[in-house]
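Text of model.txt, listed as compact mmCIF, C-alpha atoms:
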# COMPACT_ATOMS: atom_id res chain seq x y z
CA TYR R 982 80.46 205.39 -1.38
CA GLY R 983 82.11 206.88 1.69
CA ALA R 984 83.81 210.02 2.93
CA ASP R 985 85.25 211.35 6.17
CA ALA R 986 86.45 214.70 7.47
CA SER R 987 88.00 216.12 10.61
CA THR R 988 88.89 219.59 11.83
CA ALA R 989 89.70 221.59 14.93
CA LEU R 990 87.19 224.05 16.37
CA GLY R 991 88.71 225.97 19.24
CA PRO R 992 89.62 223.44 21.96
CA PHE R 993 87.60 220.65 20.29
CA ASP R 994 88.48 218.15 17.58
CA LEU R 995 85.52 217.36 15.34
CA TYR R 996 85.16 214.42 12.96
CA ALA R 997 82.48 212.95 10.72
CA GLU R 998 82.10 209.92 8.48
CA ALA R 999 79.40 209.04 5.98
CA ALA R 1000 78.65 206.02 3.79
CA LEU R 1001 75.98 205.47 1.18
CA LEU R 1002 74.90 201.87 0.58
CA GLY R 1003 73.09 200.81 -2.56
CA ASP R 1004 71.23 198.03 -0.73
CA ALA R 1005 70.55 197.11 2.89
CA PRO R 1006 73.29 194.84 4.27
CA SER R 1007 70.61 192.44 5.57
CA PRO R 1008 66.86 191.86 5.03
CA GLN R 1009 64.39 194.04 6.91
CA TYR R 1010 61.62 192.35 8.94
CA ARG R 1011 58.33 193.38 10.55
CA VAL R 1012 56.57 191.63 13.42
CA ASN R 1013 52.89 191.36 12.44
CA THR R 1014 51.77 190.19 15.86
CA ALA R 1015 53.34 189.11 19.14
CA LEU R 1016 54.99 185.68 19.20
CA THR R 1017 52.58 183.16 20.64
CA THR R 1018 52.40 179.39 20.79
CA GLY R 1019 50.45 177.94 17.91
CA PRO R 1020 50.77 180.02 14.72
CA ASP R 1021 53.61 179.35 12.33
CA LEU R 1022 56.44 181.87 12.62
CA SER R 1023 56.16 182.64 8.91
CA THR R 1024 52.71 184.18 9.58
CA LEU R 1025 53.90 186.25 12.55
CA VAL R 1026 56.92 187.84 10.87
CA SER R 1027 57.21 189.16 7.34
CA GLU R 1028 60.08 190.56 5.32
CA VAL R 1029 59.72 194.23 4.45
CA PRO R 1030 60.69 195.23 0.90
CA ALA R 1031 63.45 197.82 1.14
CA SER R 1032 65.25 199.70 -1.58
CA GLY R 1033 68.30 201.91 -1.26
CA PRO R 1034 70.17 204.01 -0.96
CA PHE R 1035 70.79 203.69 2.79
CA ALA R 1036 72.90 206.25 4.63
CA GLN R 1037 75.19 205.56 7.57
CA VAL R 1038 76.52 208.71 9.21
CA SER R 1039 78.58 209.21 12.34
CA GLY R 1040 80.04 212.32 13.93
CA GLY R 1041 81.61 213.36 17.17
CA LEU R 1042 83.93 215.64 19.05
CA THR R 1043 86.74 215.25 21.57
CA HIS R 1044 88.44 217.63 23.98
CA THR R 1045 91.74 216.99 25.75
CA PHE R 1046 92.73 218.99 28.82
CA GLY R 1047 94.92 218.81 31.91
CA TRP R 1048 92.87 217.67 34.87
CA LYS R 1049 95.84 218.28 37.20
CA GLU R 1050 99.49 219.19 36.76
CA ASN R 1051 101.13 216.92 34.15
CA ARG R 1052 98.00 214.76 33.86
CA GLN R 1053 95.82 214.59 30.73
CA ALA R 1054 92.16 213.68 30.28
CA THR R 1055 89.98 213.40 27.17
CA ILE R 1056 86.21 213.66 26.93
CA GLY R 1057 84.25 212.78 23.82
CA ALA R 1058 80.79 212.30 22.38
CA GLU R 1059 79.63 210.55 19.21
CA TYR R 1060 76.39 209.94 17.32
CA PHE R 1061 75.72 207.25 14.70
CA TYR R 1062 72.74 207.13 12.34
CA ASN R 1063 72.10 203.84 10.56
CA ALA R 1064 69.26 204.02 8.03
CA ALA R 1065 69.36 200.23 7.58
CA GLY R 1066 68.71 199.64 11.30
CA HIS R 1067 65.47 198.89 13.11
CA SER R 1068 63.46 201.28 15.26
CA SER R 1069 62.08 198.73 17.75
CA ALA R 1070 63.38 195.82 19.81
CA SER R 1071 60.27 193.74 18.98
CA VAL R 1072 61.91 192.50 15.78
CA TYR R 1073 65.10 191.24 17.47
CA PRO R 1074 63.87 187.65 18.08
CA ALA R 1075 63.10 187.33 14.36
CA LEU R 1076 66.50 188.75 13.43
CA ILE R 1077 68.20 186.21 15.68
CA PHE R 1078 66.13 183.33 14.30
CA PHE R 1079 66.95 184.26 10.70
CA GLY R 1080 70.64 184.87 11.49
CA GLN R 1081 70.42 188.62 10.74
CA TYR R 1082 71.10 190.05 14.21
CA GLN R 1083 74.23 192.24 14.00
CA PRO R 1084 75.14 194.06 17.24
CA PHE R 1085 76.02 197.76 16.94
CA TYR R 1086 74.17 197.92 13.60
CA THR R 1087 70.79 196.63 14.79
CA GLY R 1088 69.32 199.98 15.80
CA ARG R 1089 68.84 203.17 13.84
CA HIS R 1090 70.17 205.74 16.32
CA TYR R 1091 73.20 205.34 18.60
CA ALA R 1092 75.08 207.76 20.85
CA ALA R 1093 78.10 207.46 23.10
CA LEU R 1094 79.84 209.52 25.79
CA TYR R 1095 83.25 208.76 27.27
CA MET R 1096 86.02 210.16 29.39
CA THR R 1097 89.52 208.78 29.79
CA ALA R 1098 92.17 210.12 32.14
CA GLU R 1099 95.70 209.40 33.27
CA GLY R 1100 95.84 208.31 36.90
CA PRO R 1101 97.19 210.44 39.72
CA ASP R 1102 100.20 208.18 40.42
CA ALA R 1103 103.59 209.87 40.02
CA ALA R 1104 104.81 207.44 37.36
CA LYS R 1105 101.60 207.75 35.29
CA LYS R 1106 101.21 203.98 35.14
CA THR R 1107 97.44 203.96 35.68
CA SER R 1108 94.51 205.18 33.60
CA PHE R 1109 90.73 205.25 33.94
CA THR R 1110 88.01 205.26 31.27
CA PHE R 1111 84.29 205.76 31.78
CA SER R 1112 81.97 205.25 28.82
CA THR R 1113 78.26 205.00 28.10
CA LEU R 1114 76.80 203.61 24.88
CA GLY R 1115 73.12 203.90 24.08
CA ASN R 1116 70.79 202.52 21.44
CA PHE R 1117 68.32 205.39 21.18
CA SER R 1118 66.00 203.36 18.95
CA ASP R 1119 65.15 200.81 21.64
CA LEU R 1120 66.27 202.94 24.65
CA SER R 1121 68.78 200.47 26.08
CA TYR R 1122 72.18 201.46 27.49
CA ILE R 1123 75.44 200.12 28.86
CA SER R 1124 77.88 202.04 31.07
CA ARG R 1125 81.40 200.79 31.73
CA LEU R 1126 84.37 201.75 33.90
CA ASP R 1127 87.82 200.51 32.86
CA PHE R 1128 91.03 200.59 34.91
CA SER R 1129 94.50 199.97 33.54
CA TRP R 1130 97.77 199.64 35.50
CA ARG R 1131 101.16 199.10 33.85
CA VAL R 1132 102.71 196.80 36.44
CA LEU R 1133 105.94 196.19 34.52
CA THR R 1134 107.38 197.55 31.30
CA TYR R 1135 105.75 194.79 29.25
CA LEU R 1136 102.89 193.75 31.57
CA THR R 1137 99.62 195.61 32.13
CA PHE R 1138 96.80 194.71 34.51
CA GLU R 1139 93.30 195.57 33.26
CA SER R 1140 89.86 195.39 34.85
CA PHE R 1141 86.36 196.62 34.08
CA VAL R 1142 82.84 196.69 35.42
CA SER R 1143 79.78 197.45 33.29
CA VAL R 1144 76.06 197.70 33.95
CA HIS R 1145 73.11 197.20 31.57
CA TYR R 1146 69.93 199.23 31.90
CA GLY R 1147 67.05 200.72 29.96
CA THR R 1148 64.45 198.77 27.97
CA GLN R 1149 64.61 195.06 28.78
CA GLY R 1150 65.06 193.15 25.55
CA GLY R 1151 66.89 196.06 23.97
CA GLU R 1152 70.30 195.59 22.42
CA PHE R 1153 72.34 196.69 25.47
CA ASN R 1154 69.96 195.29 28.11
CA PHE R 1155 69.32 192.10 26.26
CA THR R 1156 66.91 189.40 27.34
CA LEU R 1157 64.98 186.92 25.24
CA SER R 1158 61.84 184.96 26.06
CA THR R 1159 59.96 183.27 23.22
CA PRO R 1160 57.32 180.52 23.28
CA ALA R 1161 57.57 177.23 21.42
CA VAL R 1162 56.55 177.90 17.82
CA THR R 1163 56.76 176.25 14.43
CA TYR R 1164 58.43 177.45 11.26
CA LEU R 1165 57.26 176.02 7.95
CA GLY R 1166 55.88 173.07 9.87
CA SER R 1167 59.06 172.36 11.90
CA PRO R 1168 58.99 172.83 15.70
CA VAL R 1169 61.13 175.58 17.27
CA SER R 1170 61.83 175.20 20.99
CA ALA R 1171 61.06 177.93 23.51
CA ILE R 1172 63.96 180.20 24.48
CA ASN R 1173 64.48 181.95 27.82
CA ILE R 1174 67.63 184.06 28.23
CA PRO R 1175 67.60 186.23 31.39
CA ALA R 1176 68.94 189.77 31.37
CA THR R 1177 72.57 190.42 32.33
CA VAL R 1178 72.66 193.06 35.04
CA MET R 1179 76.42 193.49 35.41
CA ASP R 1180 79.70 192.34 33.83
CA LEU R 1181 83.06 192.08 35.57
CA GLY R 1182 86.39 191.42 33.91
CA LEU R 1183 90.07 191.02 34.83
CA GLY R 1184 93.01 190.55 32.51
CA LEU R 1185 96.74 190.74 31.98
CA ARG R 1186 98.15 192.16 28.75
CA MET R 1187 101.71 191.35 27.72
CA SER R 1188 103.56 193.33 25.05
CA LEU R 1189 106.23 191.32 23.25
Would you write the structure of this file as structure tokens?
Amino acid sequence: YGADASTALGPFDLYAEAALLGDAPSPQYRVNTALTTGPDLSTLVSEVPASGPFAQVSGGLTHTFGWKENRQATIGAEYFYNAAGHSSASVYPALIFFGQYQPFYTGRHYAALYMTAEGPDAAKKTSFTFSTLGNFSDLSYISRLDFSWRVLTYLTFESFVSVHYGTQGGEFNFTLSTPAVTYLGSPVSAINIPATVMDLGLGLRMSL
């Protein structure tokens, strides 16, 4: 079941969405003890019985204003509660191993802040967006700055830079280091994925 609503409150636009799930979209797991070389993975991680219903609720507000003459900017904030998510990053390696890791639905509490604004150029061909997304369950975050420039009528140049911070191993500051283990008697190789500190991107978008 699902429902959504939106309304104006003074200078703000408010919106909310809610969904009620009969069952969890994926199995729930619990880490019984830290991953170490030797024991079988099936003894370190166990599936947690879970019965519905599970609620997923999001809500936010936006405000649009003129930051200078003939130039618009919008600020916004949003919160997302996911009852089917996990409250700790310790279970992420197990979710990945069992193919149940789903970004943006892994945690239980999320929040976001953003601001987008038209650029100061006379032709209003540029725009800037700053956003921060946080997983408040594992306390990891990502902040990103986007720049867009309409070079020609049908051609737009885009670039971005983003940084990851907060809890290492969390969803938005991801790193993974696991020892060699076995699962039901079969060997599983060690994994070592270092954290990504920063992302850079450039692109051209053509409208046909």
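What separates atom CA of Val1142 of chain R from atom CA of Gly1182 of chain R is a distance of 6.5 Å.
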Using only C-alpha atoms, which residue out of R:Arg1011, R:His1067, R:Lys1049, R:Arg1186 lies closest to Asp1119 of chain R?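 Of all the options, R:His1067 lies closest to Asp1119 of chain R.
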Taking all atoms listed in the file into account, which of R:Gln1009, R:Thr1017, R:Asn1063, R:Ser1121 comes nearest Val1038 of chain R?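 Going through R:Gln1009, R:Thr1017, R:Asn1063, R:Ser1121 one by one, the smallest distance to Val1038 of chain R is for R:Asn1063.
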At a cut-off of 8 Å, using all atoms listed in the file, what residues contact Asn1116 of chain R? Leave out same-chain residues fewer than 5 positions from it and give the result as a PDB file with C-alpha atoms, in the coordinates of the input.
ATOM      1  CA  GLY R1088      69.320 199.980  15.800  1.00  0.00           C
ATOM      2  CA  ARG R1089      68.840 203.170  13.840  1.00  0.00           C
ATOM      3  CA  HIS R1090      70.170 205.740  16.320  1.00  0.00           C
ATOM      4  CA  TYR R1091      73.200 205.340  18.600  1.00  0.00           C
ATOM      5  CA  ALA R1092      75.080 207.760  20.850  1.00  0.00           C
ATOM      6  CA  SER R1121      68.780 200.470  26.080  1.00  0.00           C
ATOM      7  CA  TYR R1122      72.180 201.460  27.490  1.00  0.00           C
ATOM      8  CA  GLY R1151      66.890 196.060  23.970  1.00  0.00           C
ATOM      9  CA  GLU R1152      70.300 195.590  22.420  1.00  0.00           C
ATOM     10  CA  PHE R1153      72.340 196.690  25.470  1.00  0.00           C
TER      11      PHE R1153
END
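Distance-wise, atom CA of Thr1110 of chain R and atom CA of Tyr1095 of chain R end up 7.1 Å apart.
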Using all atoms listed in the file, determine which residues lie at most 12 Å from Phe1138 of chain R, disregarding the query and same-chain residues fewer than 5 positions distant; provide the list as an MDAnalysis selection string. chainID R and resid 1106:1108 1127:1133 1182:1188
Around all the atoms of segment 1020-1033 of chain R listed in the file, draw an axis-aligned box and extend it by 6 Å on each of the six sides; I want its centre and edge lengths in Å to one decimal, as AutoDock Vina command-line options.
--center_x 59.5 --center_y 190.6 --center_z 6.6 --size_x 29.5 --size_y 34.6 --size_z 28.3
So how far away is atom CA of Thr1163 of chain R from atom CA of Tyr1082 of chain R, in Å? 19.9 Å
I'd like the neighbourhood of Tyr1062 of chain R as a PyMOL selection string, where a residue qualifies if any of its atoms comes within 12 Å (using all atoms listed in the file), though same-chain residues fewer than 3 positions away should be ignored. chain R and resi 997-1001+1035-1041+1059+1065-1068+1085-1092+1116-1118
Atoms kept (C-alpha atoms) for selection, written as a compact mmCIF listing (two decimals), in the frame of the given file:
# COMPACT_ATOMS: atom_id res chain seq x y z
CA ALA R 997 82.48 212.95 10.72
CA GLU R 998 82.10 209.92 8.48
CA ALA R 999 79.40 209.04 5.98
CA ALA R 1000 78.65 206.02 3.79
CA LEU R 1001 75.98 205.47 1.18
CA PHE R 1035 70.79 203.69 2.79
CA ALA R 1036 72.90 206.25 4.63
CA GLN R 1037 75.19 205.56 7.57
CA VAL R 1038 76.52 208.71 9.21
CA SER R 1039 78.58 209.21 12.34
CA GLY R 1040 80.04 212.32 13.93
CA GLY R 1041 81.61 213.36 17.17
CA GLU R 1059 79.63 210.55 19.21
CA ALA R 1065 69.36 200.23 7.58
CA GLY R 1066 68.71 199.64 11.30
CA HIS R 1067 65.47 198.89 13.11
CA SER R 1068 63.46 201.28 15.26
CA PHE R 1085 76.02 197.76 16.94
CA TYR R 1086 74.17 197.92 13.60
CA THR R 1087 70.79 196.63 14.79
CA GLY R 1088 69.32 199.98 15.80
CA ARG R 1089 68.84 203.17 13.84
CA HIS R 1090 70.17 205.74 16.32
CA TYR R 1091 73.20 205.34 18.60
CA ALA R 1092 75.08 207.76 20.85
CA ASN R 1116 70.79 202.52 21.44
CA PHE R 1117 68.32 205.39 21.18
CA SER R 1118 66.00 203.36 18.95
Within 6 Å of segment 1097-1102 of chain R, counting all atoms listed in the file, which residues qualify if same-chain residues fewer than 6 places away don't, as JSON, numbers by chain? {"R": [1052, 1053, 1054, 1055, 1108, 1109, 1110]}
